[in-house]
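So this one's data11.cif, mmCIF, C-alpha atoms and all ligand atoms:
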data_entry
#
loop_
_atom_site.label_atom_id
_atom_site.label_comp_id
_atom_site.auth_asym_id
_atom_site.auth_seq_id
_atom_site.Cartn_x
_atom_site.Cartn_y
_atom_site.Cartn_z
CA MET A 1 -0.29 32.69 -15.45
CA LYS A 2 -0.12 30.20 -18.31
CA ILE A 3 0.84 26.55 -18.15
CA VAL A 4 3.93 26.00 -20.31
CA ALA A 5 4.79 22.36 -19.49
CA ALA A 6 3.19 19.27 -18.02
CA ASP A 7 5.58 16.37 -17.46
CA VAL A 8 4.96 12.91 -16.07
CA ILE A 9 7.68 11.41 -13.87
CA VAL A 10 7.54 7.66 -13.25
CA ALA A 11 9.82 6.27 -10.55
CA SER A 12 10.02 3.20 -8.40
CA PRO A 13 11.84 4.08 -5.16
CA GLY A 14 10.63 0.94 -3.36
CA ARG A 15 7.32 1.00 -5.19
CA ASN A 16 5.94 2.73 -8.25
CA TYR A 17 4.92 6.37 -8.08
CA VAL A 18 3.66 8.53 -10.91
CA THR A 19 4.08 12.27 -10.43
CA LEU A 20 2.72 15.05 -12.62
CA LYS A 21 4.77 18.26 -12.70
CA ILE A 22 3.08 21.34 -14.14
CA THR A 23 5.19 24.43 -14.92
CA THR A 24 3.93 27.95 -15.57
CA ASP A 25 5.33 30.92 -17.47
CA SER A 26 5.90 32.65 -14.13
CA GLY A 27 8.50 30.00 -13.30
CA SER A 28 6.40 28.18 -10.69
CA HIS A 29 5.81 24.47 -10.73
CA GLY A 30 3.35 22.23 -8.91
CA LEU A 31 3.18 18.50 -8.23
CA GLY A 32 0.30 16.04 -8.31
CA ASP A 33 0.25 12.33 -7.50
CA ALA A 34 -1.04 10.18 -10.39
CA THR A 35 -0.27 6.77 -8.90
CA LEU A 36 -2.82 3.98 -9.42
CA ASN A 37 -1.31 0.91 -7.80
CA GLY A 38 -0.81 -1.93 -10.30
CA ARG A 39 -2.25 0.09 -13.21
CA GLU A 40 0.28 2.93 -13.13
CA LEU A 41 1.08 3.12 -16.83
CA ALA A 42 -2.59 3.45 -17.80
CA VAL A 43 -2.67 6.80 -15.98
CA VAL A 44 0.71 7.76 -17.45
CA ALA A 45 -0.66 7.22 -20.97
CA TYR A 46 -3.92 9.02 -20.18
CA LEU A 47 -1.98 12.02 -18.95
CA ARG A 48 0.76 12.07 -21.59
CA GLU A 49 -1.45 11.37 -24.58
CA HIS A 50 -4.70 13.11 -23.67
CA VAL A 51 -4.34 15.57 -20.80
CA CYS A 52 -0.89 17.19 -20.83
CA PRO A 53 -1.18 18.55 -24.41
CA LEU A 54 -4.56 20.14 -23.52
CA LEU A 55 -3.11 21.92 -20.48
CA ILE A 56 -0.54 23.95 -22.38
CA GLY A 57 -1.57 27.60 -22.58
CA ARG A 58 -4.33 27.31 -19.96
CA ASP A 59 -4.49 29.69 -16.99
CA ALA A 60 -3.14 27.79 -13.97
CA ARG A 61 -5.23 29.93 -11.59
CA ARG A 62 -8.52 28.70 -13.05
CA ILE A 63 -8.52 25.45 -11.09
CA ASN A 64 -12.29 24.99 -11.23
CA ASP A 65 -12.44 25.54 -14.96
CA VAL A 66 -9.57 23.14 -15.66
CA TRP A 67 -11.32 20.51 -13.50
CA GLN A 68 -14.62 20.90 -15.35
CA TYR A 69 -12.84 20.96 -18.70
CA LEU A 70 -11.14 17.63 -18.01
CA TYR A 71 -14.19 15.99 -16.39
CA ARG A 72 -17.04 17.17 -18.60
CA GLY A 73 -14.92 17.73 -21.67
CA ALA A 74 -13.82 14.10 -21.91
CA TYR A 75 -17.43 12.94 -22.38
CA TRP A 76 -16.34 9.58 -20.81
CA ARG A 77 -16.63 10.41 -17.14
CA ARG A 78 -15.32 8.94 -13.89
CA GLY A 79 -13.36 5.72 -13.48
CA PRO A 80 -10.10 5.30 -11.55
CA VAL A 81 -7.79 6.13 -14.47
CA THR A 82 -9.57 9.34 -15.46
CA MET A 83 -10.15 10.53 -11.91
CA THR A 84 -6.57 9.81 -10.82
CA ALA A 85 -5.30 11.81 -13.80
CA ILE A 86 -7.66 14.72 -13.03
CA ALA A 87 -6.60 14.52 -9.36
CA ALA A 88 -2.96 14.94 -10.32
CA VAL A 89 -3.71 18.05 -12.38
CA ASP A 90 -5.90 19.49 -9.63
CA CYS A 91 -3.30 18.99 -6.88
CA ALA A 92 -0.52 20.40 -9.04
CA LEU A 93 -2.60 23.55 -9.64
CA TRP A 94 -3.34 23.99 -5.92
CA ASP A 95 0.39 23.55 -5.28
CA ILE A 96 1.18 26.26 -7.84
CA LEU A 97 -1.43 28.61 -6.36
CA GLY A 98 0.15 28.12 -2.94
CA LYS A 99 3.64 28.81 -4.22
CA GLU A 100 2.52 31.89 -6.18
CA THR A 101 0.73 33.35 -3.15
CA GLY A 102 3.30 32.16 -0.58
CA ARG A 103 0.59 30.26 1.34
CA PRO A 104 0.26 26.63 2.43
CA VAL A 105 -2.69 24.97 0.68
CA HIS A 106 -4.70 24.63 3.90
CA GLU A 107 -4.80 28.44 4.16
CA LEU A 108 -6.12 28.69 0.61
CA LEU A 109 -8.87 26.23 1.62
CA GLY A 110 -10.10 28.55 4.34
CA GLY A 111 -7.60 27.82 7.08
CA ALA A 112 -7.15 25.19 9.74
CA ALA A 113 -10.17 23.99 11.69
CA ARG A 114 -7.98 21.99 14.11
CA ASP A 115 -4.40 21.95 15.34
CA GLY A 116 -3.43 18.55 14.02
CA VAL A 117 -4.66 15.60 11.99
CA LEU A 118 -5.34 12.39 13.94
CA VAL A 119 -3.70 9.49 12.09
CA TYR A 120 -3.79 5.75 12.52
CA GLY A 121 -0.80 3.46 12.20
CA HIS A 122 -0.64 -0.17 11.09
CA ALA A 123 0.13 -2.96 13.53
CA SER A 124 0.21 -6.57 12.39
CA GLY A 125 1.62 -9.96 13.22
CA GLN A 126 1.91 -13.56 12.15
CA THR A 127 0.72 -14.50 15.66
CA LEU A 128 -1.34 -12.68 18.30
CA ASP A 129 1.82 -12.23 20.38
CA GLU A 130 3.56 -10.58 17.46
CA LEU A 131 0.51 -8.41 16.84
CA THR A 132 0.18 -7.22 20.43
CA ASP A 133 3.95 -6.50 20.51
CA ASP A 134 3.52 -4.43 17.39
CA VAL A 135 0.60 -2.54 18.97
CA ALA A 136 2.93 -1.81 21.92
CA HIS A 137 5.47 -0.42 19.44
CA TYR A 138 2.91 1.95 17.90
CA LEU A 139 1.69 3.07 21.32
CA GLU A 140 5.30 3.85 22.28
CA LEU A 141 5.64 5.93 19.11
CA GLY A 142 2.69 8.00 20.30
CA TYR A 143 -0.12 6.73 18.06
CA ARG A 144 -3.63 7.20 19.44
CA ALA A 145 -5.27 5.05 16.79
CA ILE A 146 -4.02 1.71 15.46
CA ARG A 147 -5.28 -0.62 12.75
CA VAL A 148 -4.71 -4.29 13.57
CA GLN A 149 -4.38 -7.22 11.18
CA ALA A 150 -3.04 -10.72 11.93
CA ALA A 151 -2.51 -13.98 10.08
CA VAL A 152 -5.69 -16.06 10.16
CA PRO A 153 -4.87 -19.55 11.53
CA GLY A 154 -5.35 -22.19 8.85
CA LEU A 155 -4.71 -19.84 5.92
CA ASP A 156 -1.34 -19.81 4.12
CA SER A 157 -1.38 -16.03 3.70
CA THR A 158 -3.37 -13.10 5.04
CA TYR A 159 -3.66 -9.57 3.62
CA GLY A 160 -2.56 -6.51 5.49
CA LEU A 161 0.56 -7.84 7.25
CA HIS A 162 4.04 -6.32 7.21
CA HIS A 163 6.32 -8.14 4.85
CA PRO A 164 9.14 -9.57 6.97
CA GLY A 165 12.31 -7.53 6.65
CA THR A 166 10.66 -4.41 5.20
CA GLY A 167 10.14 -2.52 8.45
CA HIS A 168 6.88 -1.23 9.82
CA THR A 169 4.97 -0.75 6.60
CA TYR A 170 2.36 -2.96 5.03
CA GLU A 171 3.52 -3.40 1.47
CA PRO A 172 1.68 -6.06 -0.53
CA ALA A 173 2.53 -5.11 -4.14
CA ASP A 174 5.32 -7.25 -5.49
CA GLY A 175 6.49 -9.20 -8.55
CA ALA A 176 5.78 -9.05 -12.27
CA ALA A 177 2.51 -10.99 -11.84
CA PRO A 178 0.03 -11.12 -8.95
CA ALA A 179 0.59 -13.81 -6.31
CA ASP A 180 -2.32 -16.14 -5.50
CA ASN A 181 -3.81 -15.94 -1.99
CA VAL A 182 -6.40 -18.39 -0.64
CA TRP A 183 -9.26 -17.17 1.56
CA HIS A 184 -11.72 -18.97 3.84
CA THR A 185 -14.38 -16.79 5.46
CA PRO A 186 -15.40 -19.12 8.37
CA ALA A 187 -11.78 -19.23 9.61
CA TYR A 188 -11.65 -15.44 9.55
CA LEU A 189 -15.00 -14.91 11.28
CA ASP A 190 -13.92 -17.24 14.12
CA PHE A 191 -10.56 -15.54 14.48
CA ALA A 192 -11.41 -11.82 14.25
CA PRO A 193 -13.00 -11.49 17.74
CA GLN A 194 -10.08 -13.43 19.27
CA MET A 195 -7.70 -10.93 17.67
CA MET A 196 -9.53 -7.89 19.12
CA ALA A 197 -9.87 -9.59 22.51
CA ALA A 198 -6.09 -10.20 22.64
CA VAL A 199 -5.35 -6.55 21.78
CA ARG A 200 -7.83 -5.09 24.28
CA GLU A 201 -6.81 -7.54 27.04
CA ARG A 202 -3.16 -6.58 26.78
CA HIS A 203 -3.46 -2.88 25.96
CA GLY A 204 -6.85 -1.77 27.23
CA TYR A 205 -9.25 0.71 25.70
CA GLY A 206 -7.15 3.89 25.80
CA PHE A 207 -6.64 4.12 22.04
CA HIS A 208 -8.76 3.78 18.90
CA LEU A 209 -8.85 0.31 17.36
CA LEU A 210 -9.42 -0.14 13.62
CA HIS A 211 -9.55 -3.14 11.30
CA ASP A 212 -9.71 -3.60 7.52
CA VAL A 213 -11.90 -6.43 6.17
CA HIS A 214 -10.81 -5.66 2.59
CA HIS A 215 -14.14 -6.28 0.80
CA ARG A 216 -14.28 -9.99 1.64
CA LEU A 217 -17.63 -10.66 3.27
CA SER A 218 -21.27 -10.92 2.26
CA PRO A 219 -23.62 -8.42 3.95
CA LEU A 220 -24.84 -10.99 6.48
CA GLU A 221 -21.31 -12.17 7.26
CA ALA A 222 -20.32 -8.54 7.73
CA ALA A 223 -23.27 -8.04 10.08
CA GLN A 224 -22.14 -11.08 12.10
CA LEU A 225 -18.60 -9.73 12.26
CA GLY A 226 -19.81 -6.30 13.36
CA LYS A 227 -21.85 -7.84 16.18
CA SER A 228 -19.03 -10.09 17.33
CA LEU A 229 -16.69 -7.08 17.57
CA GLU A 230 -19.06 -4.79 19.48
CA PRO A 231 -17.50 -5.60 22.90
CA TYR A 232 -14.11 -4.32 21.67
CA ARG A 233 -15.41 -0.81 20.87
CA MET A 234 -13.97 -0.56 17.38
CA PHE A 235 -13.31 2.88 15.90
CA TRP A 236 -14.35 1.22 12.63
CA ILE A 237 -14.36 -1.86 10.51
CA GLU A 238 -13.33 -0.98 6.98
CA ASP A 239 -14.66 -2.28 3.66
CA PRO A 240 -16.71 -5.13 5.16
CA THR A 241 -18.25 -5.93 1.75
CA PRO A 242 -17.32 -5.01 -1.84
CA ALA A 243 -17.77 -1.25 -1.77
CA GLU A 244 -19.50 -0.78 -5.11
CA ASP A 245 -22.72 -2.46 -3.85
CA GLN A 246 -24.02 0.52 -1.90
CA GLU A 247 -27.40 -1.08 -1.05
CA ALA A 248 -25.64 -4.00 0.69
CA PHE A 249 -24.69 -1.67 3.52
CA ARG A 250 -28.33 -1.41 4.57
CA THR A 251 -28.21 -5.01 5.81
CA ILE A 252 -25.03 -4.44 7.81
CA ARG A 253 -26.46 -1.28 9.32
CA GLN A 254 -29.63 -3.00 10.55
CA HIS A 255 -27.67 -5.51 12.59
CA THR A 256 -24.68 -3.90 14.25
CA THR A 257 -23.53 -0.75 16.01
CA THR A 258 -19.89 -1.28 15.03
CA PRO A 259 -18.98 1.79 12.93
CA ILE A 260 -18.40 1.24 9.21
CA ALA A 261 -15.83 2.89 6.90
CA THR A 262 -15.60 2.46 3.16
CA GLY A 263 -14.64 4.20 -0.05
CA GLU A 264 -10.92 3.83 -0.80
CA VAL A 265 -11.78 2.37 -4.21
CA PHE A 266 -14.33 5.06 -5.09
CA ASN A 267 -13.45 7.77 -7.54
CA SER A 268 -16.39 10.17 -7.49
CA ILE A 269 -19.18 11.59 -5.36
CA TRP A 270 -21.66 9.41 -7.26
CA ASP A 271 -20.03 6.25 -5.88
CA CYS A 272 -20.89 7.21 -2.31
CA GLN A 273 -24.04 9.30 -2.69
CA THR A 274 -26.40 6.58 -1.38
CA LEU A 275 -24.02 5.53 1.39
CA ILE A 276 -23.81 9.10 2.63
CA THR A 277 -27.37 10.34 2.16
CA GLU A 278 -28.84 7.20 3.76
CA ARG A 279 -26.25 7.35 6.55
CA LEU A 280 -25.18 3.77 5.82
CA ILE A 281 -21.58 4.44 6.77
CA ASP A 282 -19.82 6.40 9.48
CA TYR A 283 -16.58 7.27 7.65
CA ILE A 284 -15.92 8.00 3.99
CA ARG A 285 -12.46 6.85 2.87
CA THR A 286 -12.18 8.52 -0.54
CA SER A 287 -8.73 9.97 -1.21
CA VAL A 288 -7.37 13.08 -2.88
CA SER A 289 -5.43 11.14 -5.50
CA HIS A 290 -8.11 8.67 -6.64
CA THR A 291 -11.12 10.96 -6.38
CA GLY A 292 -10.40 13.90 -8.64
CA GLY A 293 -8.14 15.89 -6.34
CA ILE A 294 -8.78 18.44 -3.62
CA THR A 295 -11.52 20.14 -5.65
CA HIS A 296 -13.73 17.06 -5.91
CA LEU A 297 -12.90 15.49 -2.54
CA ARG A 298 -14.01 18.70 -0.82
CA LYS A 299 -17.45 18.26 -2.37
CA ILE A 300 -17.68 14.68 -1.08
CA PHE A 301 -16.62 15.79 2.40
CA ASP A 302 -19.17 18.63 2.36
CA LEU A 303 -21.96 16.23 1.36
CA ALA A 304 -20.84 13.86 4.12
CA ALA A 305 -20.90 16.71 6.67
CA LEU A 306 -24.60 17.28 5.94
CA TYR A 307 -25.35 13.69 6.96
CA GLY A 308 -23.03 13.35 9.95
CA VAL A 309 -20.56 11.13 8.08
CA ARG A 310 -16.95 11.83 8.99
CA THR A 311 -13.82 11.57 6.85
CA GLY A 312 -11.20 8.83 7.08
CA SER A 313 -9.13 9.06 3.93
CA HIS A 314 -7.10 6.26 2.44
CA GLY A 315 -3.39 6.84 3.03
CA ALA A 316 -1.67 3.61 2.06
CA GLY A 317 1.96 3.55 0.94
CA ASP A 318 0.89 3.27 -2.68
CA LEU A 319 -0.34 6.87 -2.54
CA SER A 320 2.75 9.03 -2.91
CA PRO A 321 3.95 11.65 -0.40
CA VAL A 322 2.48 14.30 -2.74
CA SER A 323 -1.10 13.15 -2.26
CA PHE A 324 -0.48 12.36 1.39
CA ALA A 325 0.53 16.00 1.93
CA ALA A 326 -2.56 17.16 0.00
CA ALA A 327 -4.70 14.95 2.26
CA LEU A 328 -3.21 16.54 5.38
CA HIS A 329 -3.91 20.05 4.08
CA LEU A 330 -7.54 19.19 3.37
CA ASP A 331 -7.99 17.18 6.60
CA LEU A 332 -6.84 20.16 8.61
CA THR A 333 -9.66 22.29 7.23
CA VAL A 334 -12.81 20.13 7.07
CA PRO A 335 -15.31 20.38 9.94
CA ASN A 336 -16.30 16.70 9.72
CA PHE A 337 -12.76 15.30 9.76
CA GLY A 338 -12.55 11.90 11.46
CA ILE A 339 -9.13 10.29 11.01
CA GLN A 340 -6.42 9.90 8.36
CA GLU A 341 -4.66 6.67 7.45
CA TYR A 342 -0.88 6.96 7.66
CA MET A 343 1.13 4.06 6.38
CA GLY A 344 4.28 6.04 5.64
CA HIS A 345 6.73 5.46 2.79
CA LEU A 346 9.61 3.05 2.73
CA ASP A 347 13.07 4.23 1.81
CA PRO A 348 14.35 5.01 -0.75
CA ALA A 349 11.14 7.04 -1.33
CA GLY A 350 12.68 9.68 0.95
CA GLU A 351 15.50 10.22 -1.58
CA VAL A 352 12.96 11.12 -4.25
CA PHE A 353 10.35 13.09 -2.26
CA ARG A 354 11.26 15.82 0.24
CA THR A 355 8.33 16.43 2.56
CA SER A 356 7.55 19.02 5.20
CA TYR A 357 4.81 17.20 7.13
CA THR A 358 5.47 16.10 10.69
CA PHE A 359 4.19 13.56 13.22
CA GLN A 360 3.89 14.21 16.94
CA ASP A 361 1.83 12.56 19.68
CA GLY A 362 -0.47 10.79 17.24
CA TYR A 363 -1.20 13.89 15.16
CA MET A 364 0.26 15.06 11.87
CA ARG A 365 0.70 18.55 10.52
CA PRO A 366 1.28 19.51 6.88
CA GLY A 367 3.63 22.39 7.73
CA ASP A 368 3.52 26.00 6.53
CA ALA A 369 5.63 25.75 3.37
CA PRO A 370 3.90 27.43 0.40
CA GLY A 371 1.78 25.01 -1.62
CA LEU A 372 1.68 21.34 -0.66
CA GLY A 373 5.17 21.32 0.87
CA VAL A 374 6.56 18.39 -1.14
CA GLU A 375 9.35 18.52 -3.71
CA ILE A 376 10.61 15.83 -6.07
CA ASP A 377 14.28 15.21 -6.84
CA GLU A 378 14.14 14.27 -10.50
CA GLU A 379 17.73 13.01 -10.61
CA ALA A 380 17.01 10.69 -7.71
CA ALA A 381 13.76 9.61 -9.40
CA ALA A 382 15.71 8.66 -12.53
CA ARG A 383 17.81 6.25 -10.47
CA TYR A 384 14.67 4.17 -9.77
CA PRO A 385 13.06 3.16 -13.06
CA TYR A 386 9.55 1.72 -13.24
CA SER A 387 9.18 -1.99 -12.59
CA PRO A 388 5.83 -3.80 -12.65
CA LYS A 389 4.53 -4.64 -9.18
CA TYR A 390 1.17 -6.26 -8.55
CA LEU A 391 -1.15 -6.76 -5.63
CA PRO A 392 -2.06 -10.39 -4.96
CA VAL A 393 -5.30 -11.93 -6.20
CA ASN A 394 -7.56 -13.95 -3.94
CA ARG A 395 -9.18 -17.35 -4.51
CA LEU A 396 -11.41 -19.53 -2.42
CA ARG A 397 -10.35 -23.07 -1.56
CA ASP A 398 -12.19 -24.44 -4.61
CA GLY A 399 -10.10 -22.23 -6.88
CA SER A 400 -12.75 -19.62 -7.68
CA MET A 401 -11.82 -15.93 -7.66
CA HIS A 402 -12.76 -13.89 -4.60
CA ASP A 403 -12.26 -10.22 -3.74
CA TRP A 404 -8.73 -9.33 -2.67
C1 LIG B 501 -5.71 0.32 3.12
C2 LIG B 501 -5.85 -0.40 1.84
C3 LIG B 501 -4.64 -0.60 1.03
C4 LIG B 501 -4.98 -1.15 -0.34
C5 LIG B 501 -4.03 -0.62 -1.34
C6 LIG B 501 -4.40 -1.04 -2.74
O1 LIG B 501 -6.69 0.32 3.85
O2 LIG B 501 -4.68 0.89 3.36
O3 LIG B 501 -6.81 -1.38 1.86
O4 LIG B 501 -3.63 -1.22 1.65
O5 LIG B 501 -4.98 -2.53 -0.34
O6 LIG B 501 -3.99 0.76 -1.24
O7 LIG B 501 -3.58 -0.42 -3.65
MG MG B 502 -8.35 -0.63 3.09
#
As structure tokens, what does this structure read like?
Amino acid sequence: MKIVAADVIVASPGRNYVTLKITTDSGSHGLGDATLNGRELAVVAYLREHVCPLLIGRDARRINDVWQYLYRGAYWRRGPVTMTAIAAVDCALWDILGKETGRPVHELLGGAARDGVLVYGHASGQTLDELTDDVAHYLELGYRAIRVQAAVPGLDSTYGLHHPGTGHTYEPADGAAPADNVWHTPAYLDFAPQMMAAVRERHGYGFHLLHDVHHRLSPLEAAQLGKSLEPYRMFWIEDPTPAEDQEAFRTIRQHTTTPIATGEVFNSIWDCQTLITERLIDYIRTSVSHTGGITHLRKIFDLAALYGVRTGSHGAGDLSPVSFAAALHLDLTVPNFGIQEYMGHLDPAGEVFRTSYTFQDGYMRPGDAPGLGVEIDEEAAARYPYSPKYLPVNRLRDGSMHDW
């Protein structure tokens, strides 16, 4: 089964998505998500100029060989652009294998290890009243796990909040240049426990509570935060410090029992080797689309299983429905699954991507359609041309750059 075409589709139905479509001489095609938020066209060029021409004529069934060929064969290894491109190829080949064999991808991965995939939704608010109302909304929808973020008093803007008027999705990328945010850690450290107290006081402890710190603290500040949140029995705090400094997590670990999740910005097993083997985290957040696809993410999850680290993959709205479906297939099969982020996709993304995954009672299922179960409408995609959209940048009050 030879690959005869590899095409890159760039569309912006609400936000930018890059989709790789691989076609074989048997008439099958498969899809992979190649979206790298804010740097989309770098992956498009990497695929179009360097990867797609090399795929033509290769056997689509040799997924492992194609992966090794693209990873080892490039000489320049890893990095978000390379690993997102490889991920797209990998997912498209799994999709093709599923369609050719008439099986959903989770069956090809050894079959389901659970009935459904626990997901967490995103509640937020400009005030604590708004936040706790939003938590009520998610509980009514059936969510069993909810991430909470609220505007920090005294700051003009806070990350992780719904944009007014866009519905229940957190959607920060906007505009042809990044907006400037201003951050002040003391204000946040004072406010965070008040936020969790308000949520637990109104809604109790009958659901999992999550929070994203978005890489903003030093290790000691993160340790202080973890301790101050212990009474609220967090499911996790996410990205307490910049994730690339793996050793920093030792300090956090020594001081708090609040569980730690990190890894959405990682792109290979090497980025989380120390974190996993030293048990410095509880959840690994690497995703299918930024970490080399199903083939490589499986290896990370298997390593994590050896050390009692559970999975909690990134599933923000800037990952397309194609990689979200791939995540659900993999999540269903891994023994050490923990939770899956589910931000959903704003319309008109639904015009471009037809999905077969479902949500019920806090759990998602990928469905039994052959392959990944997602199709792209290329005519609809053409109606939404690419437009640059950037995440904000973050500065401290003295004007110096901080982590966003
Ligand atoms: C999350 C994330 C995202 C990222 C975004 C960057 O936990 O969902 O932190 O919202 O900011 O994916 O592109
Ligand atoms: Mg995050």
Give one line per residue of chain A that approaches ligand LIG 501 (chain B) to at most 7 Å, naming the two atoms of the closest pair and their distance in Å to one decimal, counting all atoms listed in the file; sort by chain then ascending residue number and deliver it as a tab-separated table.
residue	atom	partner	partner_atom	distance
A:Asn37	CA	B:LIG501	O7	4.9
A:Gly160	CA	B:LIG501	O4	6.6
A:Asp212	CA	B:LIG501	O1	6.2
A:His214	CA	B:LIG501	O3	5.9
A:His314	CA	B:LIG501	O2	6.0
A:Gly315	CA	B:LIG501	O2	6.1
A:Ala316	CA	B:LIG501	O2	4.3
A:Gly317	CA	B:LIG501	O6	6.9
A:Asp318	CA	B:LIG501	O6	5.7
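Here CA of Leu108 in chain A and CA of Gly312 in chain A stand 21.5 Å from one another.
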Selection within 12 Å of ligand MG 502 (chain B) by all atoms listed in the file, output as a VMD selection string: chain A and resid 122 147 to 149 159 to 160 170 172 210 to 216 236 to 243 260 to 266 284 to 287 312 to 318 340 to 343 404
Identify the residues around (-20.2, -5.3, 15.2) within a radius of 8 Å, measuring from all atoms listed in the file in the coordinates stated by the file, and give them as a PyMOL selection string. chain A and resi 223-230+255-259
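Coordinates place CA of Asn267 in chain A at a distance of 6.1 Å from CA of Met83 in chain A.
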Restricting to all atoms listed in the file, whichever of A:Arg202, A:Arg114, A:His296, A:Lys21 is closest to Thr132 in chain A is A:Arg202
Measuring between only C-alpha atoms, which one of A:Ser28, A:Thr23, A:Thr358, A:Ser124 shows the shortest distance to Ala150 in chain A? A:Ser124
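Between CA of Asp271 in chain A and CA of Val81 in chain A lies a distance of 15.0 Å.
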Restricting the calculation to all atoms listed in the file: of A:Gln68, A:Asn16, A:Ser320, A:Thr311, which residue gets closest to Leu118 in chain A? A:Thr311
